[in-house]
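A.B. asks: I am attaching a structure below and will ask some questions about it afterwards.
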Amino acid sequence: LLAITWEFPFDTLEVACVGDVNLARQCLTVASRQVQDRGWTFNSDDKYPLQPDSLPQQVVLPPNVLRCDAVDPPVDITIRAGKLYARKSHSYQFSQPLEVDIVWFLPIEDIPQAARQYIAVKAARVFQRRACGVRDIEAYSEVEEMEALAALQDQDCDAGDYNMLNASYDTARILQRW
């Protein structure tokens, strides 16, 4: 990230008391959370089982959960204070296990190269805008960011084995009738 502003690059982001390094670290973390929050094949699980604690029957989530949605049984839930919250019953208590579609925040080393590249380019563009704001560099990095996003989307489509006959709920339901 520092190279985009012609700063001396560091081998690690574990350097203390360097303003640009701290800004670079912050930009990487924010970009990684933003990108991963979209939910990709590499960081999401469908119908992931969650069990309530025995008492007080709450579902406490690991800290790396970005979002989740109950699918079986269908319950209107949200995340509050690191736990699942049932919006209709206004309660944190669940009497039975849930299956959720869940999105995880993974460490950068645990995600595919296409995702790492997109996160790095996105973070570099934000860093450049905050650190020095040169428009020519930002325009160049915007094109690079779009190319990195396209590569990530392509990789995700390959990994997800999507097709138009089974990728949507409505199409799958129609096909089940035959």
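A note on labels: chains of the structure tokens are A, B, ... as shown, every chain counts residues from 1, and ligands are counted from 1 in their shown order.
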Set the distance at 6 Å and use only C-alpha atoms: which residues neighbour range 111-128 of chain A once local chain neighbours fewer than 4 positions away are removed? I'd like the list as a PyMOL selection string.
C.D. replies: chain A and resi 1+27-28+31-32+132-133+141+145+148-149+152
A.B. asks: Pull the strand (DSSP E) assignments for range 18-161 of chain A out of DSSP run on the backbone, and list those residues as a PyMOL selection string.
C.D. replies: chain A and resi 44-50+65-72+77-80+83-86+98-104
A.B. asks: Mind writing the picked residues with N, CA and C atoms as a PDB file, in the first residue's frame?
C.D. replies:
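What follows is the written file result08.pdb:
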ATOM      1  N   SER A  44     -18.440 -18.444   3.268  1.00  0.00           N
ATOM      2  CA  SER A  44     -19.834 -18.593   3.681  1.00  0.00           C
ATOM      3  C   SER A  44     -20.225 -20.070   3.709  1.00  0.00           C
ATOM      4  N   ASP A  45     -21.161 -20.370   4.571  1.00  0.00           N
ATOM      5  CA  ASP A  45     -21.700 -21.721   4.692  1.00  0.00           C
ATOM      6  C   ASP A  45     -23.218 -21.637   4.655  1.00  0.00           C
ATOM      7  N   ASP A  46     -23.823 -22.517   3.878  1.00  0.00           N
ATOM      8  CA  ASP A  46     -25.277 -22.618   3.831  1.00  0.00           C
ATOM      9  C   ASP A  46     -25.729 -23.680   4.823  1.00  0.00           C
ATOM     10  N   LYS A  47     -26.855 -23.410   5.461  1.00  0.00           N
ATOM     11  CA  LYS A  47     -27.464 -24.348   6.416  1.00  0.00           C
ATOM     12  C   LYS A  47     -26.474 -24.803   7.484  1.00  0.00           C
ATOM     13  N   TYR A  48     -25.763 -23.845   8.040  1.00  0.00           N
ATOM     14  CA  TYR A  48     -24.798 -24.113   9.106  1.00  0.00           C
ATOM     15  C   TYR A  48     -25.556 -24.299  10.418  1.00  0.00           C
ATOM     16  N   PRO A  49     -25.324 -25.404  11.130  1.00  0.00           N
ATOM     17  CA  PRO A  49     -26.083 -25.654  12.365  1.00  0.00           C
ATOM     18  C   PRO A  49     -25.567 -24.840  13.554  1.00  0.00           C
ATOM     19  N   LEU A  50     -26.485 -24.239  14.273  1.00  0.00           N
ATOM     20  CA  LEU A  50     -26.163 -23.516  15.507  1.00  0.00           C
ATOM     21  C   LEU A  50     -27.043 -24.051  16.629  1.00  0.00           C
ATOM     22  N   VAL A  65     -17.997 -13.905  12.969  1.00  0.00           N
ATOM     23  CA  VAL A  65     -19.223 -13.966  12.160  1.00  0.00           C
ATOM     24  C   VAL A  65     -19.566 -12.553  11.708  1.00  0.00           C
ATOM     25  N   LEU A  66     -19.678 -12.380  10.401  1.00  0.00           N
ATOM     26  CA  LEU A  66     -20.066 -11.072   9.867  1.00  0.00           C
ATOM     27  C   LEU A  66     -21.579 -10.936   9.799  1.00  0.00           C
ATOM     28  N   ARG A  67     -22.244 -12.001   9.356  1.00  0.00           N
ATOM     29  CA  ARG A  67     -23.707 -11.973   9.311  1.00  0.00           C
ATOM     30  C   ARG A  67     -24.244 -13.382   9.172  1.00  0.00           C
ATOM     31  N   CYS A  68     -25.506 -13.535   9.518  1.00  0.00           N
ATOM     32  CA  CYS A  68     -26.162 -14.826   9.334  1.00  0.00           C
ATOM     33  C   CYS A  68     -27.666 -14.613   9.234  1.00  0.00           C
ATOM     34  N   ASP A  69     -28.322 -15.602   8.623  1.00  0.00           N
ATOM     35  CA  ASP A  69     -29.756 -15.547   8.420  1.00  0.00           C
ATOM     36  C   ASP A  69     -30.318 -16.945   8.627  1.00  0.00           C
ATOM     37  N   ALA A  70     -31.317 -17.078   9.471  1.00  0.00           N
ATOM     38  CA  ALA A  70     -31.901 -18.392   9.755  1.00  0.00           C
ATOM     39  C   ALA A  70     -32.677 -18.884   8.547  1.00  0.00           C
ATOM     40  N   VAL A  71     -32.463 -20.169   8.214  1.00  0.00           N
ATOM     41  CA  VAL A  71     -33.195 -20.771   7.107  1.00  0.00           C
ATOM     42  C   VAL A  71     -34.087 -21.912   7.565  1.00  0.00           C
ATOM     43  N   ASP A  72     -33.733 -22.600   8.656  1.00  0.00           N
ATOM     44  CA  ASP A  72     -34.539 -23.710   9.137  1.00  0.00           C
ATOM     45  C   ASP A  72     -34.423 -23.817  10.651  1.00  0.00           C
ATOM     46  N   ILE A  77     -34.115 -13.188  12.450  1.00  0.00           N
ATOM     47  CA  ILE A  77     -33.054 -12.973  13.432  1.00  0.00           C
ATOM     48  C   ILE A  77     -32.131 -11.853  12.985  1.00  0.00           C
ATOM     49  N   THR A  78     -31.398 -11.352  13.950  1.00  0.00           N
ATOM     50  CA  THR A  78     -30.318 -10.408  13.703  1.00  0.00           C
ATOM     51  C   THR A  78     -29.230 -10.691  14.738  1.00  0.00           C
ATOM     52  N   ILE A  79     -28.094 -10.051  14.567  1.00  0.00           N
ATOM     53  CA  ILE A  79     -26.999 -10.198  15.523  1.00  0.00           C
ATOM     54  C   ILE A  79     -26.979  -8.963  16.410  1.00  0.00           C
ATOM     55  N   ARG A  80     -27.014  -9.210  17.721  1.00  0.00           N
ATOM     56  CA  ARG A  80     -26.891  -8.129  18.704  1.00  0.00           C
ATOM     57  C   ARG A  80     -25.985  -8.613  19.819  1.00  0.00           C
ATOM     58  N   LYS A  83     -24.690 -12.139  19.866  1.00  0.00           N
ATOM     59  CA  LYS A  83     -25.633 -13.249  20.011  1.00  0.00           C
ATOM     60  C   LYS A  83     -26.742 -13.091  18.976  1.00  0.00           C
ATOM     61  N   LEU A  84     -27.425 -14.202  18.709  1.00  0.00           N
ATOM     62  CA  LEU A  84     -28.602 -14.118  17.852  1.00  0.00           C
ATOM     63  C   LEU A  84     -29.765 -13.542  18.641  1.00  0.00           C
ATOM     64  N   TYR A  85     -30.533 -12.703  17.964  1.00  0.00           N
ATOM     65  CA  TYR A  85     -31.689 -12.052  18.572  1.00  0.00           C
ATOM     66  C   TYR A  85     -32.894 -12.291  17.668  1.00  0.00           C
ATOM     67  N   ALA A  86     -33.976 -12.829  18.231  1.00  0.00           N
ATOM     68  CA  ALA A  86     -35.217 -13.056  17.487  1.00  0.00           C
ATOM     69  C   ALA A  86     -36.031 -11.770  17.505  1.00  0.00           C
ATOM     70  N   LEU A  98     -30.887 -24.104  15.214  1.00  0.00           N
ATOM     71  CA  LEU A  98     -31.176 -23.350  13.996  1.00  0.00           C
ATOM     72  C   LEU A  98     -30.185 -23.741  12.910  1.00  0.00           C
ATOM     73  N   GLU A  99     -30.635 -23.671  11.672  1.00  0.00           N
ATOM     74  CA  GLU A  99     -29.719 -23.734  10.540  1.00  0.00           C
ATOM     75  C   GLU A  99     -29.693 -22.341   9.935  1.00  0.00           C
ATOM     76  N   VAL A 100     -28.487 -21.835   9.710  1.00  0.00           N
ATOM     77  CA  VAL A 100     -28.339 -20.472   9.212  1.00  0.00           C
ATOM     78  C   VAL A 100     -27.428 -20.450   7.993  1.00  0.00           C
ATOM     79  N   ASP A 101     -27.660 -19.473   7.139  1.00  0.00           N
ATOM     80  CA  ASP A 101     -26.684 -19.127   6.114  1.00  0.00           C
ATOM     81  C   ASP A 101     -25.770 -18.113   6.786  1.00  0.00           C
ATOM     82  N   ILE A 102     -24.471 -18.424   6.835  1.00  0.00           N
ATOM     83  CA  ILE A 102     -23.546 -17.641   7.654  1.00  0.00           C
ATOM     84  C   ILE A 102     -22.366 -17.161   6.813  1.00  0.00           C
ATOM     85  N   VAL A 103     -21.891 -15.963   7.124  1.00  0.00           N
ATOM     86  CA  VAL A 103     -20.724 -15.383   6.459  1.00  0.00           C
ATOM     87  C   VAL A 103     -19.667 -15.124   7.523  1.00  0.00           C
ATOM     88  N   TRP A 104     -18.464 -15.657   7.276  1.00  0.00           N
ATOM     89  CA  TRP A 104     -17.347 -15.579   8.227  1.00  0.00           C
ATOM     90  C   TRP A 104     -16.346 -14.521   7.793  1.00  0.00           C
TER      91      TRP A 104
END
A.B. asks: Please identify all polymer residues within 10 Å of Ser95 in chain A, counting only C-alpha atoms, omitting same-chain residues fewer than 5 positions from it, and present them as a compact mmCIF listing (two decimals) with N, CA, C and O atoms, in the first residue's frame.
C.D. replies:
# COMPACT_ATOMS: atom_id res chain seq x y z
N GLN A 51 -26.42 -24.33 17.76
CA GLN A 51 -27.12 -24.85 18.92
C GLN A 51 -27.21 -23.77 20.00
O GLN A 51 -26.22 -23.14 20.32
N PRO A 52 -28.40 -23.62 20.60
CA PRO A 52 -28.47 -22.72 21.76
C PRO A 52 -27.76 -23.35 22.95
O PRO A 52 -27.69 -24.57 23.08
N ASP A 53 -27.19 -22.50 23.81
CA ASP A 53 -26.63 -22.98 25.07
C ASP A 53 -27.74 -23.63 25.88
O ASP A 53 -28.91 -23.28 25.73
N SER A 54 -27.36 -24.55 26.78
CA SER A 54 -28.39 -25.22 27.59
C SER A 54 -29.16 -24.22 28.44
O SER A 54 -30.37 -24.26 28.51
N PRO A 56 -28.71 -19.93 29.26
CA PRO A 56 -30.07 -19.44 29.14
C PRO A 56 -30.68 -19.61 27.74
O PRO A 56 -31.47 -18.78 27.32
N GLN A 57 -30.32 -20.65 27.01
CA GLN A 57 -30.85 -20.94 25.67
C GLN A 57 -30.56 -19.81 24.68
O GLN A 57 -31.43 -19.40 23.93
N GLN A 58 -29.34 -19.31 24.71
CA GLN A 58 -28.93 -18.27 23.78
C GLN A 58 -27.92 -18.86 22.79
O GLN A 58 -27.22 -19.82 23.09
A.B. asks: To one decimal place, how far is CA of Pro97 in chain A from CA of Gly39 in chain A in Å?
C.D. replies: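 Straight-line distance from CA of Pro97 in chain A to CA of Gly39 in chain A works out to 22.8 Å.
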A.B. asks: Take CA of Gly82 in chain A and CA of Phe105 in chain A and report the distance between them in Å, one decimal.
C.D. replies: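 Interatomic distance, CA of Gly82 in chain A to CA of Phe105 in chain A: 13.8 Å.
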A.B. asks: From the DSSP assignment of the backbone, select every residue of range 12-144 of chain A that is helix (DSSP H, G or I), and format the answer as JSON, numbers by chain.
C.D. replies: {"A": [19, 20, 21, 22, 23, 24, 25, 26, 27, 28, 29, 30, 31, 32, 33, 34, 35, 36, 37, 41, 42, 43, 108, 109, 110, 113, 114, 115, 116, 117, 118, 119, 120, 121, 122, 123, 124, 125, 126, 127, 128, 129, 130, 131, 135, 136, 137, 138, 139, 140, 141, 142, 143, 144]}
A.B. asks: Considering only C-alpha atoms, can you say which of A:Gln36, A:Ser89, A:Asn64, A:Thr41 comes closest to Ala159 in chain A?
C.D. replies: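 Going through A:Gln36, A:Ser89, A:Asn64, A:Thr41 one by one, the smallest distance to Ala159 in chain A is for A:Thr41.
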